[in-house]
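Structure below is protein-v3.txt: compact mmCIF, C-alpha atoms.
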# COMPACT_ATOMS: atom_id res chain seq x y z
CA MET Z 14 0.00 0.00 0.00
CA LYS Z 15 1.36 3.41 -0.96
CA LYS Z 16 1.93 5.96 1.78
CA VAL Z 17 0.85 9.60 1.48
CA SER Z 18 2.35 12.25 3.75
CA ILE Z 19 0.70 15.62 4.35
CA LEU Z 20 3.20 18.29 5.36
CA VAL Z 21 1.81 21.26 7.30
CA PRO Z 22 4.24 24.04 8.40
CA CYS Z 23 2.81 25.81 11.46
CA TYR Z 24 3.55 29.13 13.11
CA ASN Z 25 1.02 30.43 15.65
CA GLU Z 26 -1.86 28.36 14.26
CA GLU Z 27 -3.70 27.53 17.49
CA GLN Z 28 -7.00 28.77 16.05
CA SER Z 29 -6.66 26.98 12.70
CA LEU Z 30 -5.51 23.51 13.79
CA PRO Z 31 -8.76 22.44 15.53
CA LEU Z 32 -10.59 23.27 12.28
CA LEU Z 33 -8.02 21.57 10.07
CA TYR Z 34 -7.97 18.27 11.96
CA PRO Z 35 -11.52 17.09 11.14
CA GLU Z 36 -10.92 17.97 7.48
CA LEU Z 37 -7.82 15.77 7.44
CA GLN Z 38 -9.65 12.97 9.23
CA SER Z 39 -12.42 13.10 6.66
CA LEU Z 40 -9.89 13.01 3.83
CA MET Z 41 -8.06 9.99 5.21
CA GLN Z 42 -11.29 8.08 5.82
CA SER Z 43 -12.48 8.78 2.27
CA GLN Z 44 -9.26 7.36 0.76
CA PRO Z 45 -8.79 3.94 2.44
CA GLY Z 46 -6.54 2.70 -0.36
CA TYR Z 47 -3.58 4.65 1.02
CA GLU Z 48 -1.59 4.66 4.22
CA TRP Z 49 -1.60 8.18 5.67
CA GLU Z 50 0.76 10.36 7.64
CA VAL Z 51 0.32 13.99 8.69
CA LEU Z 52 3.51 15.81 9.65
CA TYR Z 53 3.20 19.14 11.42
CA VAL Z 54 6.36 21.26 11.54
CA ASN Z 55 6.05 23.65 14.47
CA ASP Z 56 8.22 26.58 13.48
CA GLY Z 57 8.84 28.07 16.90
CA SER Z 58 5.22 29.04 17.59
CA LYS Z 59 4.65 31.35 20.55
CA ASP Z 60 1.07 30.30 21.23
CA ASN Z 61 -0.47 26.90 22.04
CA THR Z 62 0.18 25.39 18.61
CA LEU Z 63 2.56 22.71 19.92
CA GLN Z 64 0.19 21.67 22.72
CA ILE Z 65 -2.68 21.28 20.25
CA ILE Z 66 -0.49 19.19 17.93
CA LYS Z 67 0.54 16.95 20.82
CA SER Z 68 -3.07 16.44 21.89
CA GLN Z 69 -4.00 15.44 18.34
CA ARG Z 70 -1.15 12.93 18.25
CA ALA Z 71 -2.23 11.46 21.60
CA ASN Z 72 -5.59 10.59 20.03
CA ASP Z 73 -4.45 9.79 16.49
CA LYS Z 74 -1.09 8.22 15.61
CA HIS Z 75 -1.46 9.40 12.01
CA MET Z 76 -0.45 12.79 13.41
CA ASN Z 77 3.29 13.35 13.66
CA TYR Z 78 5.24 16.47 14.40
CA VAL Z 79 8.68 18.04 14.33
CA ASN Z 80 9.28 20.87 16.78
CA LEU Z 81 11.99 23.32 15.69
CA SER Z 82 14.15 24.96 18.35
CA ARG Z 83 13.03 28.44 17.26
CA ASN Z 84 11.37 30.23 14.37
CA PHE Z 85 13.45 29.56 11.26
CA GLY Z 86 10.87 30.70 8.69
CA LYS Z 87 8.49 28.75 6.49
CA GLU Z 88 11.08 27.98 3.81
CA ASN Z 89 13.36 26.21 6.29
CA ALA Z 90 10.40 24.60 8.05
CA MET Z 91 9.44 22.96 4.76
CA LEU Z 92 12.97 21.60 4.40
CA ALA Z 93 12.64 20.08 7.88
CA GLY Z 94 9.43 18.46 6.71
CA PHE Z 95 11.14 17.04 3.62
CA ASP Z 96 13.76 15.48 5.88
CA TYR Z 97 11.24 13.80 8.19
CA VAL Z 98 8.34 12.70 5.95
CA THR Z 99 8.21 9.00 5.12
CA GLY Z 100 5.55 8.84 2.39
CA ASP Z 101 5.85 7.80 -1.24
CA CYS Z 102 4.49 11.25 -2.03
CA VAL Z 103 4.06 14.43 0.00
CA VAL Z 104 1.29 17.02 -0.09
CA ILE Z 105 2.34 20.44 1.18
CA MET Z 106 -0.46 22.64 2.52
CA ASP Z 107 -1.04 25.51 4.93
CA ALA Z 108 -2.84 25.07 8.23
CA ASP Z 109 -5.35 27.87 7.62
CA LEU Z 110 -7.48 25.87 5.12
CA GLN Z 111 -6.85 28.33 2.30
CA ASP Z 112 -5.53 25.19 0.62
CA PRO Z 113 -8.59 22.87 0.51
CA PRO Z 114 -7.88 19.23 1.47
CA SER Z 115 -10.74 18.26 -0.86
CA LEU Z 116 -8.35 18.86 -3.78
CA ILE Z 117 -5.92 16.15 -2.63
CA PRO Z 118 -7.79 13.16 -4.16
CA GLU Z 119 -7.50 14.81 -7.59
CA MET Z 120 -3.78 15.34 -6.98
CA LEU Z 121 -3.42 11.67 -6.08
CA ARG Z 122 -5.20 10.66 -9.29
CA TYR Z 123 -2.70 12.57 -11.44
CA TRP Z 124 0.18 11.21 -9.34
CA GLU Z 125 -1.03 7.67 -10.05
CA GLU Z 126 -0.97 8.58 -13.74
CA GLY Z 127 2.76 9.26 -13.45
CA TYR Z 128 3.11 12.99 -12.74
CA LYS Z 129 5.82 13.84 -10.20
CA ASP Z 130 4.69 17.35 -9.27
CA VAL Z 131 0.97 18.13 -9.17
CA TYR Z 132 0.62 21.80 -8.28
CA ALA Z 133 -2.46 23.90 -7.52
CA LYS Z 134 -2.71 27.14 -9.45
CA ARG Z 135 -4.88 29.86 -7.97
CA ALA Z 136 -7.75 31.13 -10.14
CA ASN Z 137 -7.98 33.97 -7.61
CA ARG Z 138 -5.79 34.99 -4.69
CA GLY Z 139 -8.51 35.20 -2.04
CA LYS Z 140 -8.81 38.22 0.22
CA GLU Z 141 -5.74 40.23 -0.81
CA SER Z 142 -5.36 43.93 -1.44
CA TRP Z 143 -5.22 45.16 -5.02
CA LEU Z 144 -1.67 46.47 -4.49
CA ARG Z 145 -0.43 43.15 -3.09
CA LYS Z 146 -1.87 41.23 -6.04
CA LYS Z 147 -0.22 43.59 -8.56
CA PHE Z 148 3.16 43.40 -6.84
CA SER Z 149 2.94 39.59 -6.70
CA LEU Z 150 2.21 39.35 -10.43
CA LEU Z 151 5.01 41.83 -11.20
CA PHE Z 152 7.47 39.78 -9.17
CA TYR Z 153 6.56 36.57 -11.01
CA ARG Z 154 6.96 38.29 -14.38
CA ILE Z 155 10.39 39.65 -13.44
CA LEU Z 156 11.56 36.26 -12.17
CA ASP Z 157 10.18 34.44 -15.21
CA HIS Z 158 11.95 36.76 -17.65
CA THR Z 159 15.31 36.70 -15.88
CA THR Z 160 15.76 32.98 -15.13
CA ARG Z 161 16.65 30.10 -17.42
CA PHE Z 162 13.69 27.96 -16.37
CA ASP Z 163 9.93 28.47 -16.37
CA VAL Z 164 8.53 30.09 -13.23
CA LEU Z 165 4.95 29.18 -12.39
CA GLN Z 166 2.78 32.24 -11.76
CA ASN Z 167 0.00 32.30 -9.15
CA VAL Z 168 1.28 29.02 -7.74
CA GLY Z 169 2.12 28.67 -4.07
CA ASP Z 170 3.37 25.78 -1.96
CA PHE Z 171 0.15 23.75 -2.19
CA ARG Z 172 1.16 20.72 -4.28
CA LEU Z 173 1.82 17.01 -4.33
CA LEU Z 174 5.43 15.92 -4.79
CA ASP Z 175 6.63 12.45 -5.59
CA ARG Z 176 9.33 10.91 -3.37
CA GLN Z 177 11.79 11.48 -6.24
CA CYS Z 178 11.17 15.24 -6.03
CA ILE Z 179 11.53 15.22 -2.24
CA HIS Z 180 14.82 13.39 -2.53
CA ALA Z 181 16.05 16.06 -4.97
CA LEU Z 182 14.91 18.92 -2.70
CA THR Z 183 16.67 17.50 0.36
CA LYS Z 184 19.95 17.71 -1.57
CA LEU Z 185 19.55 21.49 -1.90
CA ARG Z 186 20.72 22.76 1.47
CA GLU Z 187 21.29 26.46 0.79
CA SER Z 188 20.39 28.67 3.73
CA GLU Z 189 18.90 31.45 1.59
CA ARG Z 190 15.94 29.45 0.32
CA TYR Z 191 13.14 30.30 -2.08
CA THR Z 192 11.31 26.99 -2.29
CA LYS Z 193 8.77 28.06 -4.93
CA GLY Z 194 11.70 28.59 -7.28
CA LEU Z 195 13.31 25.29 -6.26
CA PHE Z 196 10.12 23.43 -7.19
CA CYS Z 197 10.53 24.77 -10.73
CA TRP Z 198 14.31 24.38 -10.82
CA ILE Z 199 14.33 20.63 -10.10
CA GLY Z 200 12.09 19.97 -13.09
CA TYR Z 201 10.27 16.58 -13.34
CA SER Z 202 6.87 16.09 -14.98
CA LYS Z 203 4.31 18.58 -13.72
CA LYS Z 204 0.52 18.80 -13.80
CA GLU Z 205 -1.59 21.88 -13.11
CA ILE Z 206 -4.85 21.96 -11.16
CA ILE Z 207 -6.88 25.19 -11.06
CA PHE Z 208 -8.60 26.06 -7.78
CA ASP Z 209 -10.21 29.00 -6.00
CA ARG Z 210 -8.09 29.98 -3.03
CA GLY Z 211 -10.20 30.63 0.03
CA ASP Z 212 -9.72 33.01 2.93
CA ARG Z 213 -8.22 32.10 6.26
CA VAL Z 214 -10.69 30.25 8.48
CA ALA Z 215 -9.14 31.66 11.65
CA GLY Z 216 -6.24 33.73 12.91
CA GLU Z 217 -4.19 36.26 10.99
CA SER Z 218 -1.61 35.84 8.26
CA ASN Z 219 2.02 36.02 9.36
CA TRP Z 220 2.97 37.42 5.96
CA ASN Z 221 2.93 41.20 5.89
CA PHE Z 222 4.13 43.42 3.04
CA SER Z 223 7.66 43.59 4.45
CA SER Z 224 7.93 39.78 4.70
CA LEU Z 225 6.68 39.34 1.14
CA PHE Z 226 9.12 41.98 -0.12
CA ASN Z 227 12.02 40.18 1.57
CA LEU Z 228 10.83 36.89 0.06
CA ALA Z 229 10.76 38.52 -3.39
CA ILE Z 230 14.36 39.70 -2.92
CA GLU Z 231 15.31 36.16 -1.88
CA GLY Z 232 13.66 34.76 -5.00
CA ILE Z 233 15.38 37.16 -7.40
CA THR Z 234 18.86 36.91 -5.87
CA SER Z 235 18.63 33.12 -5.49
CA PHE Z 236 17.88 32.35 -9.13
CA THR Z 237 19.21 35.15 -11.31
CA THR Z 238 22.13 37.57 -11.62
CA ALA Z 239 20.01 39.94 -13.72
CA PRO Z 240 20.22 42.77 -11.10
CA LEU Z 241 24.02 42.71 -11.39
CA ARG Z 242 23.78 42.83 -15.17
CA PHE Z 243 21.24 45.64 -14.93
CA ALA Z 244 23.64 47.62 -12.72
CA SER Z 245 26.45 47.10 -15.25
CA VAL Z 246 24.31 48.12 -18.24
CA PHE Z 247 22.84 51.09 -16.39
CA GLY Z 248 26.32 52.23 -15.36
CA PHE Z 249 27.51 51.98 -18.98
CA VAL Z 250 24.52 54.02 -20.22
CA VAL Z 251 25.07 56.73 -17.61
CA ALA Z 252 28.79 56.85 -18.43
CA PHE Z 253 28.00 57.15 -22.16
CA ILE Z 254 25.53 59.98 -21.55
CA ALA Z 255 28.10 61.73 -19.34
CA PHE Z 256 30.70 61.37 -22.11
CA CYS Z 257 28.30 62.88 -24.66
CA PHE Z 258 27.62 65.82 -22.34
CA MET Z 259 31.37 66.28 -21.84
CA VAL Z 260 31.96 66.45 -25.60
CA PHE Z 261 28.98 68.79 -26.11
CA TYR Z 262 30.00 71.26 -23.43
CA GLY Z 263 33.66 71.04 -24.41
CA VAL Z 264 32.88 72.02 -28.00
CA LYS Z 265 30.42 74.68 -26.86
CA THR Z 266 33.01 76.25 -24.55
CA LEU Z 267 35.70 76.29 -27.23
CA VAL Z 268 33.44 77.73 -29.95
CA PHE Z 269 31.03 79.99 -28.10
CA GLY Z 270 32.52 80.37 -24.66
CA ASP Z 271 30.58 79.54 -21.49
CA GLU Z 272 29.27 81.61 -18.66
CA ALA Z 273 29.57 80.47 -15.05
CA ARG Z 274 26.09 79.01 -14.76
CA GLY Z 275 24.54 75.59 -14.06
CA PHE Z 276 24.75 75.27 -10.27
CA THR Z 277 21.33 73.58 -10.13
CA THR Z 278 22.27 71.22 -12.94
CA LEU Z 279 25.52 70.34 -11.17
CA ILE Z 280 23.70 69.51 -7.93
CA VAL Z 281 21.09 67.38 -9.73
CA VAL Z 282 23.72 65.45 -11.68
CA THR Z 283 25.83 64.91 -8.54
CA LEU Z 284 22.85 63.59 -6.58
CA PHE Z 285 21.78 61.40 -9.49
CA MET Z 286 25.23 59.87 -9.83
CA GLY Z 287 25.42 59.34 -6.08
CA GLY Z 288 22.07 57.56 -6.18
CA VAL Z 289 23.21 55.31 -9.04
CA GLN Z 290 26.36 54.39 -7.13
CA LEU Z 291 24.45 53.60 -3.95
CA LEU Z 292 21.94 51.49 -5.93
CA THR Z 293 24.76 49.53 -7.53
CA ILE Z 294 26.54 49.04 -4.19
CA GLY Z 295 23.24 47.90 -2.66
CA ILE Z 296 22.73 45.27 -5.38
CA LEU Z 297 26.29 44.02 -4.89
CA GLY Z 298 25.71 44.00 -1.14
CA GLU Z 299 22.64 41.75 -1.48
CA TYR Z 300 24.64 39.13 -3.35
CA ILE Z 301 27.70 39.44 -1.10
CA GLY Z 302 25.49 39.04 1.98
CA ARG Z 303 24.10 35.80 0.57
CA ILE Z 304 27.59 34.55 -0.21
CA PHE Z 305 28.57 35.37 3.37
CA ASN Z 306 25.62 33.43 4.79
CA GLU Z 307 26.25 30.41 2.57
CA THR Z 308 29.96 30.19 3.38
CA LYS Z 309 29.23 29.84 7.12
CA LYS Z 310 27.54 26.50 6.34
CA ARG Z 311 25.24 26.65 9.34
CA PRO Z 312 22.37 24.15 9.39
CA THR Z 313 19.19 25.55 7.87
CA TYR Z 314 17.19 24.54 10.94
CA LEU Z 315 17.53 22.80 14.31
CA ALA Z 316 14.89 20.35 15.51
CA SER Z 317 14.42 19.92 19.25
CA GLU Z 318 11.71 17.23 19.26
CA TYR Z 319 10.18 14.60 16.99
CA ASN Z 320 7.05 12.78 18.14
CA ASP Z 321 7.67 13.26 21.89
CA GLU Z 322 11.35 12.35 21.63
CA GLU Z 323 14.24 14.77 21.85
CA VAL Z 324 16.36 15.19 18.73
CA MET Z 325 20.05 14.97 19.49

Kindly present the structure from the file in structure tokens form.
Amino acid sequence: MKKVSILVPCYNEEQSLPLLYPELQSLMQSQPGYEWEVLYVNDGSKDNTLQIIKSQRANDKHMNYVNLSRNFGKENAMLAGFDYVTGDCVVIMDADLQDPPSLIPEMLRYWEEGYKDVYAKRANRGKESWLRKKFSLLFYRILDHTTRFDVLQNVGDFRLLDRQCIHALTKLRESERYTKGLFCWIGYSKKEIIFDRGDRVAGESNWNFSSLFNLAIEGITSFTTAPLRFASVFGFVVAFIAFCFMVFYGVKTLVFGDEARGFTTLIVVTLFMGGVQLLTIGILGEYIGRIFNETKKRPTYLASEYNDEEVM
């Protein structure tokens, strides 16, 4: 009998987990042809998330959990889940029921047909602000046009992955992780399912605009050097324009003479050039900072407990 693992990263989900559990129970009972495992990854929650997970496990041994020593972020929590799941395939979903468990049987059907990565594409993005939706779509377009592989737009972490994909992802141990890009980078046969993303059933999202902006920077710097190339091209264009101005004013001074004017122009040009230099240094700094973090080779996460046993 094939085993299906459901991976649920959790951070402060005490209100969502009691609502998620009966949905998972119903799913497992409706699919008796599979062996089931649910793996919660508690990412350093500060509320009663861990206690709720433990109480669910006490009543149902299908429920497993990994407790991280602190909050390492969702990207690293998913890597912890990849390390600990034991299924022949893994379904990644959020605890807030924005990812409907009712879609999992369809994912399993395509997996049985031979697809390795069955991902859920959002027909709509649920209750999000207009500005957030536009920025998200802009980010995906930028990433898609600057990388050497196809980037899936409007696709989150909700997907089914074959054990072969999980094995590939566990080999990628970089500390600066953008897992949505890694799903595309590893390749393998993919199948799309369209669904309507719901709203959170309880609690509040831990993703604010600042967190999403940082994630976008992670995605761009992890998979493309286009910002560095942009800085080089932009610097060349500015230098060429400056050279043209130098020639123009040199000829003008020699032929017509030049009065002592242009203080405002001088200030504007100086500030503009200073801004270009700071932008370029900032882009270089983003990449150097990631090199610095990778060279330390620290573990991406630390687990303190797995199913009531301490992790040494």

Interatomic distance between CA of Arg186 in chain Z and CA of Thr293 in chain Z?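 Result for CA of Arg186 in chain Z versus CA of Thr293 in chain Z: 28.5 Å, one decimal.
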
Env of range 173-183 of chain Z: 7 Å cut, atoms = only C-alpha atoms, seq-sep filter 6 positions within chain, self excluded. Answer as a PyMOL selection string. chain Z and resi 92+95-96+101-105+120+129-132

Using all atoms listed in the file, find each residue of range 169-219 of chain Z with at least one atom at most 10 Å away from an atom of range 81-87 of chain Z; report its shortest atom-to-atom pair and that distance in Å (one decimal), sort the rows by chain and rising residue number, and return the result as a Markdown table.
| residue | atom | partner | partner_atom | distance |
| --- | --- | --- | --- | --- |
| Z:Arg190 | CA | Z:Lys87 | CA | 9.7 |
| Z:Tyr191 | CA | Z:Lys87 | CA | 9.9 |
| Z:Thr192 | CA | Z:Lys87 | CA | 9.4 |

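If you look at CA of Gly169 in chain Z and CA of Trp198 in chain Z, they are 14.6 Å away from each other.
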
Go ahead and compute the interatomic distance for CA of Leu32 in chain Z and CA of Ile206 in chain Z, in Å to one decimal.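 About the pair CA of Leu32 in chain Z and CA of Ile206 in chain Z: they are 24.2 Å apart.
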
Would you please work out which residue, of Z:Ser58, Z:Glu48, Z:Gly302, Z:Met41, is nearest to Asn25 in chain Z when using all atoms listed in the file? Z:Ser58
